[in-house]
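> Please see the structure below; I have some questions.
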Amino acid sequence: MLNDIEFINGFSTELSDDYRLAKSYVRDIPTQALVYIRSFTHKLAAQLAQLHDITFTSANLYDRIEQLNQQRVIDVAAVRALHRLRTDGNRGAHPEKYHLTQVQLINIAEKSIHHILQLIEKLYQSLRHCTAPHYQFEAFDSYAGRDLCYRAVMQNDSEAQYLVGMSLKAKGLMLQEQEHALAQSIDDASSTISKTLNSSSNASMASEQTSADVFSQAAHWFSLASGRHQTALFEHGVSLLHGYSGKVNSAEGERFIAQAAEQGVVNAQALLGFFYLVGSDQFEVDINQAETLLTLAANAENAEAMSNLGVLFYQHQQFEQAYLWVNKAAQTGYPHAQYHLALMLEQGQGCNVDITKSQQWMQEAAEQGQLDAMLRCGSDILHDDAASQQQLETAEHYLHQVIKYGRNVTAMIELSVALADGILGRIDVVQAAYLLQQANLHADDIQRQVIEPLWQSLLMQIDSVIALNPTEAELAALQQAKRFLG
């Protein structure tokens with residue numbers, strides 16, 4: 001019986017390499033697996049168009065899938081499957097922006113492989129005019145990582161060196177986010193257990209690799225490959241720009257990024273376009289250059305470039321063009337664009353006002369970890385008298401995430417009030433006091449004016465409960481809350 005790779009090869013030899021490589025990297029370098037899945041989806045869309053003599057009017061994959069949809073080349077289920085693969089493929093480029101862990105990336109990559117097989121089974125009859133043959137799926141393995149390391153070290157293979165660097169970079173970005181979250185974590189300060197767990201976590205992290213260690217390793221491999229590999233040249237520039245080796249060198253970093261952009265590296269074009277949009281160490285603002293570079297990268301499916309192109313048009317009051325590109329970026333699954341699309345739909349900028357769609361996109365962005373969207377959704381739920389207990393739990397989770405990753409004063413205030421007033425179904429004055437203390441610590445003068453009456457109100461609430469002769473444990477908690485409020 002055929003295995004799954006042979007099954008794909010029988011369907012299309014042009015697609016089989018991307019499928020094989022995607023599958024081989026799932027366990028070791030899921031970000032790279034998702035990049036190959038995106039490439040697979042591009043090629044499959046091109047084959048569908050060729051079969052039906054369709055000439056695409058856009059280089060953007062979202063537009064191409066929609067063109068296939070509009071011309072009824074494939075049914076709705078296949079359109080959704082292609083969009084799902086496109087979205088998952090785009091996550092591989094910037095996993096840290098989606099707050100994805102290595103385990104989550106592996107799960108997405110594994111599911112995408114199975115989604116490919118399901119889609120090809122569905123398309124087999126229409127494209128090959130015969131029933132799809134039976135095949136057996138062979139389990140994922142972890143050989144690719146070992147093979148890459150051998151090629152990178154023993155054969156001085158620049159592609160392998162680049163991929164080892166990318167694997168380390170992805171790991172470093174996720175470690176960095178975890179370290180950042182741990183450093184800013186706001187737990188229940190009255191819980192001895194919570195403090196003990198935090199101490200254990202710190203001790204555990206101290207004995208493991210830090211993000212700085214991993215970034216340094218990534219920088220080494222990018223530097224080795226940069227002379228012979230265009231994309232590694234871009235990543236080498238990024239590593240210098242962000243100081244992966246411990247020292248920032250913006251001038252050299254931006255110079256290498258510009259060289260990579262000249263060589264057609266899409267991510268480099270997107271970043272150089274951003275430099276021209278906002279200005280940088282080596283590049284002054286040049287809107288024409290920014291538009292040219294961002295358009296090139298946006299047409300090549302770079303989600304950040306699409307989003308930044310939308311920003312460029314928005315800044316120049318060209319709202320219809322801004323909406324066009326922000327919408328495209330949102331459709332790729334890019335959460336920052338989804339948040340801004342929600343705002344544009346809410347305000348009718350470049351589009352008709354559509355509150356329902358605005359709320360849907362805001363919720364989508366929040367579910368993907370976009371902090372502004374999480375704050376907006378969490379606050380809206382807390383102010384909704386008809387919110388269910390499940391929705392209130394979601395709101396609490398969102399606000400905790402915004403506090404953890406953004407140290408957001410508004411989120412601290414919102415959550416403190418909710419806990420003090422019992423909005424979440426329970427009253428927790430200790431946590432409410434601690435959050436208010438933290439909010440006051442990080443607040444500006446205007447925010448402190450909001451905090452002051454809440455502070456006094458919470459103190460009065462605590463004193464009134466103490467006057468009711470609480471139990472010994474309750475009294476200890478209330479006294480702890482008063483200490484937070486000084």
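Simple scheme: letters A, B, ... for chains in structure tokens order, numbers from 1 for residues in each chain, numbers from 1 for ligands in the order shown.
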Would you mind listing what lies within 10 Å of Lys23 of chain A as a short mmCIF file (atom, residue, chain, number, x, y, z; two decimals) with all heavy atoms, in the first residue's frame, with only C-alpha atoms counted and same-chain residues fewer than 3 positions away left out?

```cif
data_model
loop_
_atom_site.label_atom_id
_atom_site.label_comp_id
_atom_site.auth_asym_id
_atom_site.auth_seq_id
_atom_site.Cartn_x
_atom_site.Cartn_y
_atom_site.Cartn_z
N ILE A 5 3.36 10.09 1.62
CA ILE A 5 4.23 10.86 0.71
C ILE A 5 4.04 10.37 -0.72
O ILE A 5 3.95 11.18 -1.67
CB ILE A 5 5.70 10.76 1.15
CG1 ILE A 5 5.89 11.46 2.50
CG2 ILE A 5 6.63 11.37 0.10
CD1 ILE A 5 7.28 11.34 3.09
N ASP A 17 7.49 17.48 -2.91
CA ASP A 17 8.67 17.92 -2.16
C ASP A 17 8.28 18.81 -0.98
O ASP A 17 8.81 18.65 0.13
CB ASP A 17 9.64 18.68 -3.07
CG ASP A 17 10.59 17.74 -3.80
OD1 ASP A 17 10.60 16.53 -3.47
OD2 ASP A 17 11.31 18.21 -4.69
N ASP A 18 7.35 19.76 -1.23
CA ASP A 18 6.91 20.63 -0.14
C ASP A 18 6.24 19.81 0.96
O ASP A 18 6.46 20.06 2.16
CB ASP A 18 5.94 21.69 -0.66
CG ASP A 18 6.65 22.86 -1.32
OD1 ASP A 18 7.84 23.06 -1.03
OD2 ASP A 18 6.02 23.57 -2.12
N TYR A 19 5.42 18.85 0.57
CA TYR A 19 4.75 18.01 1.57
C TYR A 19 5.77 17.20 2.37
O TYR A 19 5.72 17.15 3.61
CB TYR A 19 3.75 17.07 0.90
CG TYR A 19 3.09 16.12 1.88
CD1 TYR A 19 2.00 16.53 2.63
CD2 TYR A 19 3.60 14.84 2.09
CE1 TYR A 19 1.41 15.68 3.57
CE2 TYR A 19 3.03 13.99 3.03
CZ TYR A 19 1.93 14.41 3.75
OH TYR A 19 1.37 13.57 4.68
N ARG A 20 6.71 16.58 1.65
CA ARG A 20 7.72 15.75 2.31
C ARG A 20 8.54 16.57 3.29
O ARG A 20 8.78 16.15 4.43
CB ARG A 20 8.63 15.10 1.26
CG ARG A 20 9.79 14.28 1.84
CD ARG A 20 10.63 13.69 0.73
NE ARG A 20 11.13 14.71 -0.18
CZ ARG A 20 12.18 15.48 0.07
NH1 ARG A 20 12.84 15.35 1.23
NH2 ARG A 20 12.59 16.38 -0.81
N VAL A 26 8.13 18.78 11.04
CA VAL A 26 7.04 19.02 12.00
C VAL A 26 7.51 18.94 13.44
O VAL A 26 7.21 19.82 14.25
CB VAL A 26 5.88 18.03 11.75
CG1 VAL A 26 4.96 17.96 12.97
CG2 VAL A 26 5.09 18.45 10.53
N ARG A 27 8.25 17.91 13.80
CA ARG A 27 8.63 17.70 15.20
C ARG A 27 9.83 18.54 15.64
O ARG A 27 9.91 18.95 16.79
CB ARG A 27 8.96 16.21 15.42
CG ARG A 27 7.74 15.30 15.30
CD ARG A 27 6.80 15.52 16.48
NE ARG A 27 5.53 14.82 16.34
CZ ARG A 27 5.33 13.56 16.66
NH1 ARG A 27 6.33 12.81 17.10
NH2 ARG A 27 4.14 13.02 16.53
N PRO A 30 8.93 23.13 13.67
CA PRO A 30 7.56 23.31 13.17
C PRO A 30 7.35 24.61 12.41
O PRO A 30 6.53 24.67 11.50
CB PRO A 30 6.71 23.27 14.45
CG PRO A 30 7.66 23.57 15.57
CD PRO A 30 8.98 23.01 15.13
N GLN A 32 9.43 25.93 10.29
CA GLN A 32 9.84 25.66 8.92
C GLN A 32 8.83 24.74 8.23
O GLN A 32 8.56 24.90 7.03
CB GLN A 32 11.23 25.01 8.90
CG GLN A 32 11.86 24.94 7.52
CD GLN A 32 12.11 26.32 6.91
OE1 GLN A 32 12.29 27.31 7.64
NE2 GLN A 32 12.10 26.40 5.60
N ALA A 33 8.26 23.81 8.97
CA ALA A 33 7.21 22.96 8.41
C ALA A 33 6.05 23.81 7.91
O ALA A 33 5.52 23.58 6.81
CB ALA A 33 6.73 21.96 9.46
N LEU A 34 5.67 24.82 8.69
CA LEU A 34 4.56 25.69 8.31
C LEU A 34 4.90 26.55 7.10
O LEU A 34 4.03 26.86 6.27
CB LEU A 34 4.15 26.56 9.50
CG LEU A 34 3.50 25.79 10.65
CD1 LEU A 34 3.39 26.66 11.89
CD2 LEU A 34 2.13 25.26 10.25
N TYR A 36 6.78 25.52 4.60
CA TYR A 36 6.59 24.61 3.46
C TYR A 36 5.11 24.35 3.19
O TYR A 36 4.69 24.17 2.05
CB TYR A 36 7.33 23.30 3.69
CG TYR A 36 8.82 23.38 3.42
CD1 TYR A 36 9.74 23.18 4.44
CD2 TYR A 36 9.29 23.68 2.15
CE1 TYR A 36 11.11 23.27 4.20
CE2 TYR A 36 10.65 23.77 1.90
CZ TYR A 36 11.55 23.55 2.92
OH TYR A 36 12.90 23.65 2.67
N ILE A 37 4.29 24.36 4.24
CA ILE A 37 2.85 24.19 4.06
C ILE A 37 2.28 25.39 3.31
O ILE A 37 1.41 25.23 2.43
CB ILE A 37 2.17 24.00 5.44
CG1 ILE A 37 2.47 22.58 5.94
CG2 ILE A 37 0.66 24.25 5.36
CD1 ILE A 37 2.17 22.36 7.40
N ALA A 109 1.27 22.32 13.11
CA ALA A 109 1.93 21.73 11.95
C ALA A 109 1.41 20.32 11.69
O ALA A 109 1.17 19.93 10.54
CB ALA A 109 3.44 21.72 12.17
N GLU A 110 1.24 19.52 12.74
CA GLU A 110 0.72 18.16 12.57
C GLU A 110 -0.68 18.19 11.98
O GLU A 110 -1.00 17.43 11.05
CB GLU A 110 0.71 17.43 13.92
CG GLU A 110 2.09 17.01 14.40
CD GLU A 110 2.02 16.20 15.69
OE1 GLU A 110 0.92 16.12 16.29
OE2 GLU A 110 3.06 15.65 16.11
N SER A 112 -2.01 20.52 10.21
CA SER A 112 -1.95 21.01 8.83
C SER A 112 -1.59 19.90 7.86
O SER A 112 -2.12 19.85 6.75
CB SER A 112 -0.93 22.15 8.72
OG SER A 112 -1.36 23.28 9.45
N ILE A 113 -0.69 19.01 8.27
CA ILE A 113 -0.33 17.87 7.42
C ILE A 113 -1.57 17.01 7.16
O ILE A 113 -1.84 16.60 6.02
CB ILE A 113 0.78 17.03 8.08
CG1 ILE A 113 2.12 17.80 8.06
CG2 ILE A 113 0.93 15.68 7.38
CD1 ILE A 113 2.70 18.04 6.69
N HIS A 114 -2.34 16.75 8.19
CA HIS A 114 -3.55 15.95 8.02
C HIS A 114 -4.60 16.70 7.20
O HIS A 114 -5.34 16.09 6.42
CB HIS A 114 -4.11 15.55 9.39
CG HIS A 114 -3.27 14.53 10.10
ND1 HIS A 114 -3.06 13.25 9.62
CD2 HIS A 114 -2.56 14.61 11.26
CE1 HIS A 114 -2.28 12.58 10.45
NE2 HIS A 114 -1.95 13.38 11.45
N ALA A 139 3.95 7.62 10.60
CA ALA A 139 4.07 8.50 11.76
C ALA A 139 5.17 9.54 11.57
O ALA A 139 6.14 9.33 10.84
CB ALA A 139 4.35 7.67 13.01
N PHE A 140 5.00 10.68 12.23
CA PHE A 140 6.03 11.73 12.23
C PHE A 140 7.28 11.22 12.94
O PHE A 140 7.20 10.40 13.85
CB PHE A 140 5.52 12.98 12.95
CG PHE A 140 4.34 13.63 12.31
CD1 PHE A 140 3.06 13.47 12.84
CD2 PHE A 140 4.48 14.39 11.16
CE1 PHE A 140 1.96 14.06 12.26
CE2 PHE A 140 3.39 14.99 10.56
CZ PHE A 140 2.13 14.83 11.11
N ASP A 141 8.44 11.70 12.51
CA ASP A 141 9.69 11.30 13.17
C ASP A 141 10.51 12.54 13.50
O ASP A 141 10.11 13.67 13.22
CB ASP A 141 10.50 10.35 12.28
CG ASP A 141 10.87 10.98 10.94
OD1 ASP A 141 11.44 12.10 10.95
OD2 ASP A 141 10.61 10.36 9.89
N ALA A 144 14.85 14.74 11.04
CA ALA A 144 15.25 15.95 10.32
C ALA A 144 16.22 16.80 11.13
O ALA A 144 17.20 17.33 10.59
CB ALA A 144 14.03 16.77 9.95
#
```
> Between A:Phe222, A:Tyr323, A:Phe274, A:Phe56, which residue has the minimum interatomic distance to Gln338 of chain A, considering only C-alpha atoms?
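Selected residue with least distance to Gln338 of chain A: A:Tyr323.
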> My list of candidates is A:Asn9, A:Ser416, A:Ala476, A:Ala366. Which is closest to Ser457 of chain A when distances are computed with only C-alpha atoms?
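Between A:Asn9, A:Ser416, A:Ala476, A:Ala366, the residue approaching Ser457 of chain A most closely is A:Ser416.
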> Which one of A:Ser223, A:Ser24, A:Ser58, A:Gln269 sits closest to Leu148 of chain A if you count only C-alpha atoms?
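Checking each of A:Ser223, A:Ser24, A:Ser58, A:Gln269 against Leu148 of chain A, counting only C-alpha atoms, the winner is A:Ser24.
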> In Å, with one decimal, what is the gap from atom CA of Ala218 of chain A to atom CA of Arg255 of chain A?
19.2 Å
> Go through segment 353-410 of chain A and flag each residue having an atom no more than 12 Å from segment 340-349 of chain A; for those, report the closest pair of atoms plus their distance in Å to one decimal, using only C-alpha atoms, ordered by chain and rising number, as JSON lines.

```
{"residue": "A:Val353", "atom": "CA", "partner": "A:Gly348", "partner_atom": "CA", "distance": 4.2}
{"residue": "A:Asp354", "atom": "CA", "partner": "A:Leu345", "partner_atom": "CA", "distance": 5.4}
{"residue": "A:Ile355", "atom": "CA", "partner": "A:Glu346", "partner_atom": "CA", "distance": 5.5}
{"residue": "A:Thr356", "atom": "CA", "partner": "A:Glu346", "partner_atom": "CA", "distance": 8.7}
{"residue": "A:Lys357", "atom": "CA", "partner": "A:Leu345", "partner_atom": "CA", "distance": 7.1}
{"residue": "A:Ser358", "atom": "CA", "partner": "A:Ala342", "partner_atom": "CA", "distance": 4.1}
{"residue": "A:Gln359", "atom": "CA", "partner": "A:Ala342", "partner_atom": "CA", "distance": 6.6}
{"residue": "A:Gln360", "atom": "CA", "partner": "A:Ala342", "partner_atom": "CA", "distance": 7.8}
{"residue": "A:Trp361", "atom": "CA", "partner": "A:Ala342", "partner_atom": "CA", "distance": 5.3}
{"residue": "A:Met362", "atom": "CA", "partner": "A:Ala342", "partner_atom": "CA", "distance": 5.4}
{"residue": "A:Gln363", "atom": "CA", "partner": "A:Ala342", "partner_atom": "CA", "distance": 9.0}
{"residue": "A:Glu364", "atom": "CA", "partner": "A:Ala342", "partner_atom": "CA", "distance": 9.6}
{"residue": "A:Ala365", "atom": "CA", "partner": "A:Ala342", "partner_atom": "CA", "distance": 8.9}
{"residue": "A:Ala366", "atom": "CA", "partner": "A:Ala342", "partner_atom": "CA", "distance": 11.0}
{"residue": "A:Gln370", "atom": "CA", "partner": "A:His340", "partner_atom": "CA", "distance": 10.5}
{"residue": "A:Asp372", "atom": "CA", "partner": "A:His340", "partner_atom": "CA", "distance": 9.6}
{"residue": "A:Ala373", "atom": "CA", "partner": "A:Ala342", "partner_atom": "CA", "distance": 9.1}
{"residue": "A:Arg376", "atom": "CA", "partner": "A:Leu343", "partner_atom": "CA", "distance": 10.8}
{"residue": "A:Cys377", "atom": "CA", "partner": "A:Ala342", "partner_atom": "CA", "distance": 11.5}
```
